[in-house]
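Below is work26.tsv, which holds TSV, C-alpha atoms.
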chain	number	residue	atom	x	y	z
A	1	MET	CA	-18.20	-36.84	22.38
A	2	ALA	CA	-20.15	-39.48	20.47
A	3	LEU	CA	-23.17	-37.39	19.59
A	4	ASP	CA	-24.40	-40.13	17.25
A	5	THR	CA	-25.68	-41.89	20.39
A	6	ALA	CA	-28.33	-39.15	20.73
A	7	LEU	CA	-31.64	-38.84	18.94
A	8	VAL	CA	-33.23	-35.38	18.70
A	9	MET	CA	-37.00	-34.97	18.83
A	10	ILE	CA	-38.21	-31.41	18.16
A	11	LEU	CA	-41.78	-30.71	19.20
A	12	ALA	CA	-43.15	-28.52	16.40
A	13	GLY	CA	-46.88	-29.08	16.55
A	14	GLY	CA	-47.77	-25.98	18.54
A	15	GLU	CA	-50.88	-24.04	17.57
A	16	GLY	CA	-49.62	-20.72	18.94
A	17	LYS	CA	-53.03	-19.24	19.76
A	18	ARG	CA	-51.55	-16.06	21.28
A	19	LEU	CA	-49.78	-15.31	17.98
A	20	PHE	CA	-53.04	-15.26	16.02
A	21	PRO	CA	-53.55	-14.15	13.25
A	22	LEU	CA	-49.93	-14.99	12.34
A	23	THR	CA	-50.81	-18.61	13.17
A	24	ARG	CA	-54.14	-18.61	11.37
A	25	ASP	CA	-52.68	-20.56	8.44
A	26	ARG	CA	-49.44	-21.93	9.86
A	27	ALA	CA	-47.96	-23.61	12.94
A	28	LYS	CA	-46.11	-21.37	15.38
A	29	PRO	CA	-42.65	-22.81	14.50
A	30	ALA	CA	-43.30	-21.87	10.85
A	31	VAL	CA	-43.93	-18.17	11.58
A	32	PRO	CA	-41.34	-15.99	9.76
A	33	PHE	CA	-38.77	-14.23	11.92
A	34	GLY	CA	-35.96	-11.80	11.25
A	35	GLY	CA	-36.89	-11.22	7.63
A	36	ARG	CA	-35.82	-14.46	6.00
A	37	TYR	CA	-35.96	-17.14	8.71
A	38	ARG	CA	-38.63	-19.27	10.39
A	39	ILE	CA	-38.81	-19.68	14.16
A	40	ILE	CA	-37.92	-23.38	13.92
A	41	ASP	CA	-34.63	-22.55	12.16
A	42	PHE	CA	-33.12	-21.55	15.49
A	43	VAL	CA	-33.43	-24.91	17.25
A	44	ILE	CA	-32.39	-26.84	14.12
A	45	ASN	CA	-29.29	-24.67	13.70
A	46	ASN	CA	-28.46	-25.13	17.38
A	47	PHE	CA	-28.38	-28.90	16.98
A	48	ILE	CA	-26.57	-28.93	13.62
A	49	ASN	CA	-23.93	-26.47	14.86
A	50	SER	CA	-23.56	-28.56	18.04
A	51	GLY	CA	-22.91	-31.78	16.08
A	52	PHE	CA	-26.30	-33.52	16.37
A	53	TYR	CA	-27.43	-34.90	13.01
A	54	LYS	CA	-30.24	-37.35	13.81
A	55	ILE	CA	-33.32	-35.19	14.10
A	56	LYS	CA	-37.04	-35.99	14.10
A	57	ILE	CA	-39.45	-33.05	13.83
A	58	LEU	CA	-42.88	-33.88	15.26
A	59	THR	CA	-45.55	-31.82	13.52
A	60	GLN	CA	-49.32	-31.55	13.89
A	61	TYR	CA	-51.15	-28.22	13.63
A	62	LYS	CA	-51.43	-26.69	10.12
A	63	SER	CA	-48.03	-28.01	9.20
A	64	ASP	CA	-48.02	-27.61	5.42
A	65	SER	CA	-45.82	-24.49	5.27
A	66	LEU	CA	-43.56	-25.95	7.95
A	67	ASN	CA	-43.21	-29.19	5.99
A	68	GLN	CA	-42.32	-27.29	2.82
A	69	HIS	CA	-39.76	-25.15	4.63
A	70	ILE	CA	-37.99	-28.12	6.21
A	71	ALA	CA	-38.00	-30.16	3.01
A	72	ARG	CA	-36.54	-27.32	0.95
A	73	SER	CA	-34.13	-25.89	3.52
A	74	TRP	CA	-32.53	-28.83	5.29
A	75	PRO	CA	-30.95	-31.47	3.05
A	76	VAL	CA	-28.37	-33.48	5.02
A	77	SER	CA	-26.33	-36.57	4.18
A	78	PRO	CA	-28.13	-39.91	4.76
A	79	ILE	CA	-25.04	-41.80	3.60
A	80	LEU	CA	-23.29	-40.45	6.72
A	81	GLY	CA	-26.20	-41.41	8.96
A	82	GLN	CA	-27.61	-37.89	9.04
A	83	TYR	CA	-31.28	-37.03	8.70
A	84	ILE	CA	-33.85	-34.36	9.50
A	85	ASP	CA	-37.13	-36.23	9.24
A	86	LEU	CA	-40.62	-34.75	9.35
A	87	VAL	CA	-42.92	-36.88	11.48
A	88	PRO	CA	-46.59	-35.88	11.10
A	89	ALA	CA	-49.11	-36.86	13.77
A	90	GLN	CA	-50.39	-40.30	12.76
A	91	MET	CA	-52.78	-41.19	15.61
A	92	ARG	CA	-50.78	-44.34	16.15
A	93	THR	CA	-52.14	-45.24	19.60
A	94	ASP	CA	-55.82	-44.48	20.20
A	95	GLY	CA	-56.90	-42.43	17.21
A	96	ASN	CA	-56.28	-39.09	18.96
A	97	TRP	CA	-54.10	-36.13	18.10
A	98	TYR	CA	-51.28	-35.36	20.54
A	99	LYS	CA	-52.76	-34.78	24.00
A	100	GLY	CA	-49.60	-33.13	25.35
A	101	THR	CA	-45.83	-33.02	24.97
A	102	ALA	CA	-45.29	-36.40	26.63
A	103	ASP	CA	-48.01	-37.99	24.50
A	104	ALA	CA	-46.31	-36.65	21.36
A	105	VAL	CA	-43.20	-38.63	22.28
A	106	TYR	CA	-45.26	-41.66	23.33
A	107	GLN	CA	-47.08	-41.77	20.00
A	108	ASN	CA	-43.69	-41.77	18.27
A	109	ILE	CA	-41.94	-44.23	20.56
A	110	ALA	CA	-41.34	-46.54	17.59
A	111	HIS	CA	-38.80	-44.05	16.24
A	112	ILE	CA	-36.81	-44.27	19.48
A	113	ASN	CA	-36.94	-48.06	19.45
A	114	ASP	CA	-35.90	-48.20	15.78
A	115	GLU	CA	-32.91	-45.89	16.29
A	116	GLY	CA	-31.84	-47.34	19.66
A	117	PRO	CA	-30.14	-44.20	21.03
A	118	LYS	CA	-28.63	-43.91	24.48
A	119	TYR	CA	-29.94	-40.34	24.87
A	120	VAL	CA	-32.99	-38.51	23.56
A	121	CYS	CA	-33.06	-34.71	23.35
A	122	VAL	CA	-36.64	-33.42	23.49
A	123	PHE	CA	-36.67	-29.72	22.59
A	124	GLY	CA	-39.38	-27.25	21.65
A	125	GLY	CA	-39.42	-25.75	18.16
A	126	ASP	CA	-40.83	-22.32	18.94
A	127	HIS	CA	-38.24	-20.24	20.81
A	128	ILE	CA	-35.59	-17.76	19.69
A	129	TYR	CA	-32.12	-18.48	21.10
A	130	ARG	CA	-28.65	-19.82	20.35
A	131	MET	CA	-27.19	-22.72	22.28
A	132	ASP	CA	-24.35	-25.21	22.08
A	133	VAL	CA	-26.34	-28.29	23.08
A	134	SER	CA	-23.19	-30.40	23.44
A	135	GLN	CA	-22.36	-28.46	26.63
A	136	MET	CA	-25.72	-29.45	28.12
A	137	MET	CA	-25.01	-33.05	27.11
A	138	ARG	CA	-21.63	-32.96	28.88
A	139	PHE	CA	-23.36	-31.66	32.01
A	140	HIS	CA	-25.95	-34.46	31.74
A	141	LYS	CA	-23.25	-37.12	31.54
A	142	LYS	CA	-21.15	-35.62	34.31
A	143	LYS	CA	-24.11	-35.63	36.70
A	144	GLU	CA	-25.14	-39.16	35.61
A	145	ALA	CA	-28.66	-37.79	35.34
A	146	THR	CA	-31.71	-39.62	34.04
A	147	LEU	CA	-33.10	-36.25	32.95
A	148	THR	CA	-31.50	-32.83	32.52
A	149	ILE	CA	-33.66	-29.72	32.07
A	150	SER	CA	-32.31	-26.47	30.66
A	151	ALA	CA	-33.36	-23.36	32.57
A	152	ILE	CA	-32.69	-19.66	32.39
A	153	PRO	CA	-32.27	-17.32	35.38
A	154	ILE	CA	-34.97	-14.64	35.57
A	155	PRO	CA	-35.94	-12.03	38.19
A	156	ILE	CA	-38.24	-13.47	40.84
A	157	SER	CA	-40.69	-10.69	40.01
A	158	GLU	CA	-41.35	-12.38	36.63
A	159	ALA	CA	-41.84	-15.89	38.04
A	160	SER	CA	-45.62	-15.96	37.61
A	161	GLU	CA	-45.21	-16.08	33.82
A	162	PHE	CA	-43.13	-19.29	33.68
A	163	GLY	CA	-42.72	-22.81	34.94
A	164	ILE	CA	-40.28	-22.31	37.81
A	165	ILE	CA	-37.60	-24.84	38.73
A	166	GLU	CA	-36.09	-25.13	42.22
A	167	VAL	CA	-32.63	-26.62	42.76
A	168	ASP	CA	-30.17	-27.40	45.53
A	169	ASP	CA	-26.51	-26.35	45.64
A	170	GLU	CA	-25.59	-29.17	43.24
A	171	TRP	CA	-28.27	-28.04	40.76
A	172	ARG	CA	-30.33	-31.14	41.37
A	173	LEU	CA	-34.06	-30.59	40.91
A	174	THR	CA	-35.93	-30.14	44.21
A	175	GLY	CA	-39.19	-28.60	43.04
A	176	PHE	CA	-41.21	-27.54	40.02
A	177	VAL	CA	-44.04	-24.99	40.14
A	178	GLU	CA	-46.08	-23.97	37.10
A	179	LYS	CA	-46.60	-20.18	37.07
A	180	PRO	CA	-46.39	-19.70	40.85
A	181	GLN	CA	-48.57	-17.06	42.48
A	182	THR	CA	-46.34	-16.89	45.56
A	183	THR	CA	-42.62	-16.18	45.80
A	184	PRO	CA	-40.69	-19.26	44.60
A	185	LYS	CA	-37.38	-20.54	45.87
A	186	CYS	CA	-34.43	-18.51	44.61
A	187	ILE	CA	-31.28	-19.73	42.89
A	188	PRO	CA	-28.72	-20.71	45.56
A	189	GLY	CA	-26.60	-17.62	46.21
A	190	HIS	CA	-28.86	-15.32	44.19
A	191	PRO	CA	-31.80	-14.20	46.35
A	192	ASP	CA	-33.40	-12.03	43.66
A	193	MET	CA	-33.34	-14.64	40.86
A	194	CYS	CA	-35.15	-17.88	40.09
A	195	LEU	CA	-35.00	-20.46	37.30
A	196	ALA	CA	-37.50	-20.65	34.44
A	197	SER	CA	-37.80	-23.87	32.47
A	198	MET	CA	-36.97	-23.55	28.76
A	199	GLY	CA	-38.89	-26.72	27.93
A	200	ASN	CA	-35.72	-28.44	26.67
A	201	TYR	CA	-34.82	-31.89	27.99
A	202	ILE	CA	-32.13	-34.54	27.67
A	203	PHE	CA	-33.34	-37.99	28.77
A	204	GLU	CA	-31.71	-41.33	29.15
A	205	ALA	CA	-33.60	-43.11	26.37
A	206	GLU	CA	-34.65	-46.10	28.45
A	207	GLU	CA	-35.94	-43.85	31.22
A	208	LEU	CA	-37.89	-41.70	28.75
A	209	ILE	CA	-39.58	-44.76	27.25
A	210	ASN	CA	-40.55	-46.09	30.68
A	211	GLU	CA	-41.98	-42.75	31.81
A	212	VAL	CA	-44.11	-41.98	28.74
A	213	VAL	CA	-45.44	-45.55	28.59
A	214	GLU	CA	-46.49	-45.41	32.24
A	215	ASP	CA	-47.96	-41.92	31.82
A	216	ALA	CA	-50.04	-43.06	28.85
A	217	LYS	CA	-51.85	-45.51	31.13
A	218	ASN	CA	-52.93	-42.73	33.51
A	219	GLU	CA	-56.32	-41.42	32.39
A	220	ASN	CA	-56.06	-38.48	34.80
A	221	SER	CA	-52.78	-37.23	33.34
A	222	SER	CA	-52.42	-34.20	31.06
A	223	HIS	CA	-49.64	-36.18	29.35
A	224	ASP	CA	-47.28	-33.22	29.63
A	225	PHE	CA	-43.61	-33.19	30.61
A	226	GLY	CA	-43.88	-30.13	32.84
A	227	LYS	CA	-47.17	-31.01	34.52
A	228	ASN	CA	-46.79	-34.79	34.84
A	229	ILE	CA	-43.53	-36.47	33.87
A	230	ILE	CA	-41.10	-34.18	35.71
A	231	PRO	CA	-43.10	-34.01	38.99
A	232	LYS	CA	-43.41	-37.80	38.98
A	233	MET	CA	-39.70	-38.33	38.39
A	234	LEU	CA	-39.00	-35.87	41.19
A	235	ALA	CA	-41.38	-37.69	43.55
A	236	ASP	CA	-39.77	-41.03	42.63
A	237	GLY	CA	-36.35	-39.71	43.60
A	238	LYS	CA	-34.86	-39.99	40.12
A	239	PRO	CA	-31.62	-38.04	39.53
A	240	VAL	CA	-33.00	-35.01	37.68
A	241	TYR	CA	-30.63	-32.08	37.20
A	242	VAL	CA	-30.93	-28.57	35.85
A	243	TYR	CA	-28.55	-27.03	33.32
A	244	ASP	CA	-27.90	-23.31	33.68
A	245	TYR	CA	-28.37	-21.89	30.19
A	246	SER	CA	-26.80	-18.58	31.19
A	247	GLN	CA	-23.43	-20.41	31.36
A	248	ASN	CA	-23.74	-21.74	27.81
A	249	GLU	CA	-21.26	-20.40	25.26
A	250	PHE	CA	-21.02	-20.86	21.52
A	251	THR	CA	-18.33	-19.98	19.03
A	252	GLY	CA	-18.36	-16.28	18.17
A	253	MET	CA	-20.80	-15.34	20.96
A	254	THR	CA	-20.86	-11.65	21.89
A	255	PRO	CA	-21.30	-10.43	25.48
A	256	GLU	CA	-24.80	-9.19	24.63
A	257	GLU	CA	-25.86	-12.66	23.50
A	258	ARG	CA	-25.09	-14.50	26.73
A	259	GLY	CA	-28.27	-16.02	28.15
A	260	HIS	CA	-30.48	-14.59	25.42
A	261	TRP	CA	-33.71	-16.60	25.04
A	262	ARG	CA	-37.10	-15.36	23.91
A	263	ASP	CA	-40.47	-17.04	24.13
A	264	VAL	CA	-42.15	-15.23	21.22
A	265	GLY	CA	-45.56	-16.50	22.28
A	266	SER	CA	-47.46	-13.22	21.99
A	267	ILE	CA	-47.74	-10.53	19.33
A	268	ASP	CA	-45.94	-8.00	21.52
A	269	SER	CA	-43.05	-10.34	22.41
A	270	TYR	CA	-42.73	-11.38	18.76
A	271	TRP	CA	-42.65	-7.76	17.58
A	272	GLN	CA	-40.09	-6.80	20.25
A	273	ALA	CA	-37.83	-9.76	19.46
A	274	ASN	CA	-37.70	-8.63	15.83
A	275	MET	CA	-36.99	-5.03	16.82
A	276	ASP	CA	-34.15	-6.24	19.07
A	277	LEU	CA	-32.33	-7.42	15.94
A	278	LEU	CA	-31.92	-3.81	14.79
A	279	ASP	CA	-29.77	-2.65	17.72
A	280	TYR	CA	-26.15	-1.69	17.10
A	281	LYS	CA	-25.10	-4.47	19.47
A	282	PRO	CA	-28.06	-6.86	19.25
A	283	VAL	CA	-28.86	-9.56	21.80
A	284	LEU	CA	-29.06	-11.90	18.81
A	285	ASN	CA	-26.41	-11.39	16.15
A	286	LEU	CA	-27.58	-12.86	12.85
A	287	TYR	CA	-24.32	-11.93	11.12
A	288	SER	CA	-22.00	-14.38	12.87
A	289	THR	CA	-20.18	-16.71	10.48
A	290	GLU	CA	-18.82	-18.81	13.36
A	291	TRP	CA	-22.24	-20.00	14.56
A	292	PRO	CA	-24.21	-19.68	11.31
A	293	LEU	CA	-27.96	-19.41	11.07
A	294	ARG	CA	-28.99	-21.33	7.97
A	295	THR	CA	-32.32	-21.23	6.20
A	296	TYR	CA	-33.87	-21.54	2.75
A	297	ASN	CA	-32.11	-19.35	0.19
A	298	ASN	CA	-34.37	-17.54	-2.25
A	299	ASN	CA	-33.08	-17.19	-5.80
A	300	LEU	CA	-33.77	-13.46	-5.85
A	301	PRO	CA	-31.79	-10.35	-6.82
A	302	PRO	CA	-30.30	-7.97	-4.24
A	303	ALA	CA	-32.43	-5.34	-2.53
A	304	LYS	CA	-32.69	-2.09	-4.50
A	305	PHE	CA	-33.15	1.51	-3.33
A	306	ILE	CA	-34.15	3.97	-6.03
A	307	TRP	CA	-35.13	7.63	-6.58
A	308	GLU	CA	-33.57	10.68	-5.05
A	309	GLU	CA	-35.75	13.54	-6.26
A	310	GLY	CA	-36.75	16.06	-3.59
A	311	ASP	CA	-39.14	14.27	-1.18
A	312	ARG	CA	-39.11	11.17	-3.34
A	313	VAL	CA	-36.18	9.30	-1.80
A	314	GLY	CA	-35.80	5.52	-1.51
A	315	MET	CA	-34.23	5.16	1.92
A	316	ALA	CA	-33.88	2.71	4.81
A	317	THR	CA	-32.42	3.48	8.24
A	318	ASN	CA	-31.88	1.15	11.21
A	319	SER	CA	-33.58	-1.63	9.26
A	320	MET	CA	-33.06	-5.14	7.88
A	321	VAL	CA	-34.00	-5.52	4.21
A	322	SER	CA	-34.10	-8.99	2.61
A	323	GLU	CA	-33.31	-9.99	-0.94
A	324	GLY	CA	-35.70	-9.06	-3.72
A	325	CYS	CA	-37.00	-5.93	-1.96
A	326	ILE	CA	-37.40	-2.61	-3.77
A	327	ILE	CA	-37.55	0.64	-1.81
A	328	SER	CA	-38.88	2.84	-4.61
A	329	GLY	CA	-39.03	6.46	-3.49
A	330	GLY	CA	-40.41	5.61	-0.02
A	331	SER	CA	-38.67	5.42	3.35
A	332	ILE	CA	-38.47	2.89	6.15
A	333	SER	CA	-37.04	3.22	9.66
A	334	ARG	CA	-36.64	0.47	12.26
A	335	CYS	CA	-38.26	-2.13	10.03
A	336	VAL	CA	-37.70	-5.80	9.22
A	337	LEU	CA	-38.54	-6.68	5.61
A	338	SER	CA	-38.90	-10.22	4.27
A	339	PRO	CA	-38.11	-10.98	0.61
A	340	GLN	CA	-39.96	-9.26	-2.25
A	341	VAL	CA	-41.41	-6.33	-0.33
A	342	ARG	CA	-41.97	-3.11	-2.29
A	343	ILE	CA	-42.28	0.34	-0.73
A	344	ASN	CA	-43.58	2.85	-3.26
A	345	SER	CA	-43.00	6.57	-3.53
A	346	PHE	CA	-43.73	9.01	-0.68
A	347	SER	CA	-44.73	6.23	1.74
A	348	ASN	CA	-43.26	6.06	5.23
A	349	VAL	CA	-43.04	2.87	7.30
A	350	THR	CA	-41.66	2.83	10.86
A	351	ASP	CA	-41.22	0.24	13.63
A	352	SER	CA	-42.83	-2.48	11.52
A	353	ILE	CA	-42.43	-6.05	10.26
A	354	LEU	CA	-43.39	-6.65	6.63
A	355	MET	CA	-43.47	-10.25	5.47
A	356	GLU	CA	-42.95	-11.71	2.01
A	357	ASN	CA	-44.57	-10.16	-1.05
A	358	VAL	CA	-46.10	-7.13	0.66
A	359	ASN	CA	-46.67	-4.13	-1.60
A	360	VAL	CA	-47.06	-0.70	0.01
A	361	GLY	CA	-48.70	1.78	-2.34
A	362	ARG	CA	-47.83	5.46	-2.67
A	363	TYR	CA	-48.38	7.96	0.15
A	364	CYS	CA	-49.03	5.28	2.79
A	365	GLU	CA	-48.17	5.72	6.46
A	366	ILE	CA	-47.53	2.60	8.55
A	367	ARG	CA	-46.46	2.65	12.20
A	368	LYS	CA	-45.73	-0.21	14.63
A	369	ALA	CA	-47.42	-2.87	12.54
A	370	ILE	CA	-46.96	-6.46	11.42
A	371	ILE	CA	-48.08	-7.02	7.82
A	372	ASP	CA	-48.29	-10.73	6.97
A	373	LYS	CA	-47.39	-12.01	3.50
A	374	ASN	CA	-49.22	-11.36	0.22
A	375	VAL	CA	-50.89	-8.10	1.25
A	376	ASP	CA	-51.36	-5.28	-1.28
A	377	ILE	CA	-51.78	-1.98	0.58
A	378	PRO	CA	-53.56	0.65	-1.53
A	379	PRO	CA	-52.21	4.20	-1.88
A	380	TYR	CA	-52.91	6.67	0.95
A	381	THR	CA	-53.60	3.88	3.49
A	382	LYS	CA	-52.79	4.54	7.15
A	383	ILE	CA	-52.07	1.61	9.48
A	384	GLY	CA	-51.05	1.98	13.11
A	385	VAL	CA	-51.85	5.70	13.10
A	386	ASP	CA	-55.38	5.47	14.54
A	387	LEU	CA	-55.64	2.22	16.53
A	388	GLU	CA	-59.40	2.49	17.00
A	389	GLU	CA	-59.82	2.81	13.27
A	390	ASP	CA	-57.59	-0.25	12.82
A	391	LYS	CA	-59.90	-2.22	15.10
A	392	ARG	CA	-62.99	-1.06	13.22
A	393	ARG	CA	-61.40	-2.36	10.03
A	394	GLY	CA	-61.09	-5.79	11.64
A	395	PHE	CA	-57.36	-5.75	12.38
A	396	LEU	CA	-56.01	-7.13	15.63
A	397	VAL	CA	-54.37	-4.51	17.85
A	398	SER	CA	-52.27	-5.97	20.64
A	399	SER	CA	-52.16	-4.68	24.22
A	400	GLY	CA	-48.82	-3.09	23.33
A	401	GLY	CA	-50.30	-1.20	20.39
A	402	VAL	CA	-49.08	-3.39	17.53
A	403	THR	CA	-51.51	-3.59	14.58
A	404	VAL	CA	-51.53	-6.92	12.73
A	405	VAL	CA	-52.74	-7.23	9.14
A	406	PRO	CA	-53.32	-10.92	8.38
A	407	LYS	CA	-51.98	-12.92	5.47
A	408	GLY	CA	-53.62	-12.10	2.14
A	409	ALA	CA	-55.88	-9.40	3.63
A	410	LYS	CA	-57.85	-7.29	1.17
A	411	LEU	CA	-57.71	-3.60	2.07
Write out the structure in this file as structure tokens.
Amino acid sequence: MALDTALVMILAGGEGKRLFPLTRDRAKPAVPFGGRYRIIDFVINNFINSGFYKIKILTQYKSDSLNQHIARSWPVSPILGQYIDLVPAQMRTDGNWYKGTADAVYQNIAHINDEGPKYVCVFGGDHIYRMDVSQMMRFHKKKEATLTISAIPIPISEASEFGIIEVDDEWRLTGFVEKPQTTPKCIPGHPDMCLASMGNYIFEAEELINEVVEDAKNENSSHDFGKNIIPKMLADGKPVYVYDYSQNEFTGMTPEERGHWRDVGSIDSYWQANMDLLDYKPVLNLYSTEWPLRTYNNNLPPAKFIWEEGDRVGMATNSMVSEGCIISGGSISRCVLSPQVRINSFSNVTDSILMENVNVGRYCEIRKAIIDKNVDIPPYTKIGVDLEEDKRRGFLVSSGGVTVVPKGAKL
């Protein structure tokens, strides 16, 4: 397959309001995940592993840390026609920031015209999943579609949380309902399941250009693919098809990983997605060498676990510990640690996510918490033990009982 006929546009300008305060100083795609990765690493790795090397990343909201991460992590080979370009919002059209997903593409239409691709892949940059995109491209070509949308089967009982796609027996789009309040149409042959849009699209380039240009002229439009572009193409009778993500396979995939996709849009879903990594057979296996997950490599020493003197034991169980961490006489259980975290003597941390350069003083107790980077926790501090006390101290406590300490907080 000539994948060099495809241009990739990753929408990475999301504000991620429901992930606040993790998104207080960074865009949602730049939020750390799994210890040493960023959320955007997943979609970039999917394309690189699938053979797509012409990638534009459209940024907007508080993009500085995202820009640094991409620039330092993703050198490719321009001499071979490969690039991963950062494209900041430039207010090219009417002096406005991006009004919606379709407007983001419209404001960067010059990049499509300059490259002249036959296909344009428009994917979001803020979901956790693994996917061989070339299989979706083969489906798109086989169906001779003008647009192919990737979707994941979900129980009908969960339909009200997603944009729901309806299809016929040939998997051609017949309807699209945003967060339906009534029972949507089921998947043919599966009465208890429906299809949720993943927000990932493959367009015929010419068709995409025509649609976003026409949409830009409509002052009543939200300039969004899900709300405007797709319903219009459906009404116009365009051949729009739906790709079943649950059938996607990648090299080295385990049975547990089939169909795994997470929208980590809330604190609770983000916390749970990290905890899922700790299972014996995880739904997302970070240790596969056949479908690698690349990111920036810190020049740091290995993690170290020291002291074994009575109750003063440096120990980690059912946890992921990144490079540069020191577990010095404290213990962690079911935790995800980013680089350069230190756990000092007699402290106990459970069910928590600690980001880069967090220092936990002696005799601390931390339960079910997310500690953002550059936080120095004084000795004897308790976090996640008394949730009402956490709230009084100004920390966010999610509906699921996760306490979040923001970046650089002074305790």
Which of these residues is nearest to Lys179 in chain A, using only C-alpha atoms: A:Phe162, A:Tyr119, A:Trp74, A:Phe203?
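Counting only C-alpha atoms, the residue closest to Lys179 in chain A is A:Phe162.
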Contact residues around range 344-357 of chain A with all atoms listed in the file at 8 Å, ignoring same-chain residues under 2 positions, as a PyMOL selection string:
chain A and resi 32+35+271+274-275+311-314+327-342+359-375
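Across the model, the gap from CA of Tyr245 in chain A to CA of Arg130 in chain A is 10.1 Å.
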Could you list, as a PyMOL selection string, every residue within 7 Å of Asp244 in chain A, counting all atoms listed in the file and ignoring same-chain residues fewer than 4 positions away?
chain A and resi 150-152
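With distances restricted to only C-alpha atoms, A:Val242 is the closest residue to Met136 in chain A from A:Val8, A:Val167, A:Ile326, A:Val242.
If you look at CA of Arg138 in chain A and CA of Cys186 in chain A, they are 24.9 Å away from each other.
Residue neighbourhood of range 53-64 of chain A, excluding near-sequence residues (fewer than 2 positions): Leu7, Val8, Met9, Ile10, Leu11, Ala12, Gly13, Glu15, Arg26, Ala27, Leu66, Asn67, Gln82, Tyr83, Ile84, Asp85, Leu86, Val87, Pro88 and Ala89 of chain A, at 6 Å, using only C-alpha atoms.
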Show which residues sit within 12 Å of Tyr106 in chain A, as a ChimeraX atom specification. Count only C-alpha atoms, and ignore same-chain residues fewer than 6 positions away.
/A:9,58,89-94,97-100,112-113,122,208-217,223-225,229
What is the distance, in Å and to one decimal place, between CA of Asp168 in chain A and CA of Ser246 in chain A?
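So the two atoms, CA of Asp168 in chain A and CA of Ser246 in chain A, lie 17.2 Å apart.
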So which one's closest to Ala205 in chain A, A:Ile70, A:Val120, A:Met131, A:Ala145? Using only C-alpha atoms, please.
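Closest residue, counting only C-alpha atoms: A:Val120.
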Return as CSV the residues of range 57-129 of chain A lying at most 12 Å from range 279-296 of chain A, together with the closest atom-to-atom pair for each and the distance in Å to one decimal, counting all atoms listed in the file, with rows in chain order and ascending residue number.
residue,atom,partner,partner_atom,distance
A:Leu66,CA,A:Tyr296,CA,11.8
A:Gln68,CA,A:Tyr296,CA,10.2
A:His69,CA,A:Tyr296,CA,7.2
A:Ile70,CA,A:Tyr296,CA,8.5
A:Ala71,CA,A:Tyr296,CA,9.6
A:Arg72,CA,A:Tyr296,CA,6.6
A:Ser73,CA,A:Tyr296,CA,4.4
A:Trp74,CA,A:Thr295,CA,7.7
A:Pro75,CA,A:Tyr296,CA,10.4
A:Ile128,CA,A:Leu284,CA,8.8
A:Tyr129,CA,A:Leu284,CA,7.6
Go through A:Ser65, A:Glu170, A:Ser222, A:Val397 one by one, measure the shortest atom-to-atom distance of each to Asp25 in chain A using only C-alpha atoms, and give the residue with the smallest value.
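Of A:Ser65, A:Glu170, A:Ser222, A:Val397, the one nearest Asp25 in chain A is A:Ser65, counting only C-alpha atoms.
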Nearest-residue call for Val43 in chain A, choices A:Arg172, A:His127, A:Arg18, A:Lys382, using all atoms listed in the file:
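Ranked by minimum distance to Val43 in chain A, first place goes to A:His127.
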Test item: residues at most 9 Å from Gln135 in chain A, only C-alpha atoms, excluding those fewer than 3 positions along its chain, as a PyMOL selection string:
chain A and resi 50+131-132+138-140+248-249
Nearest to Cys121 in chain A among A:Pro188, A:Pro155, A:Gly199, A:Pro302, with distances taken over all atoms listed in the file: which residue is it?
A:Gly199
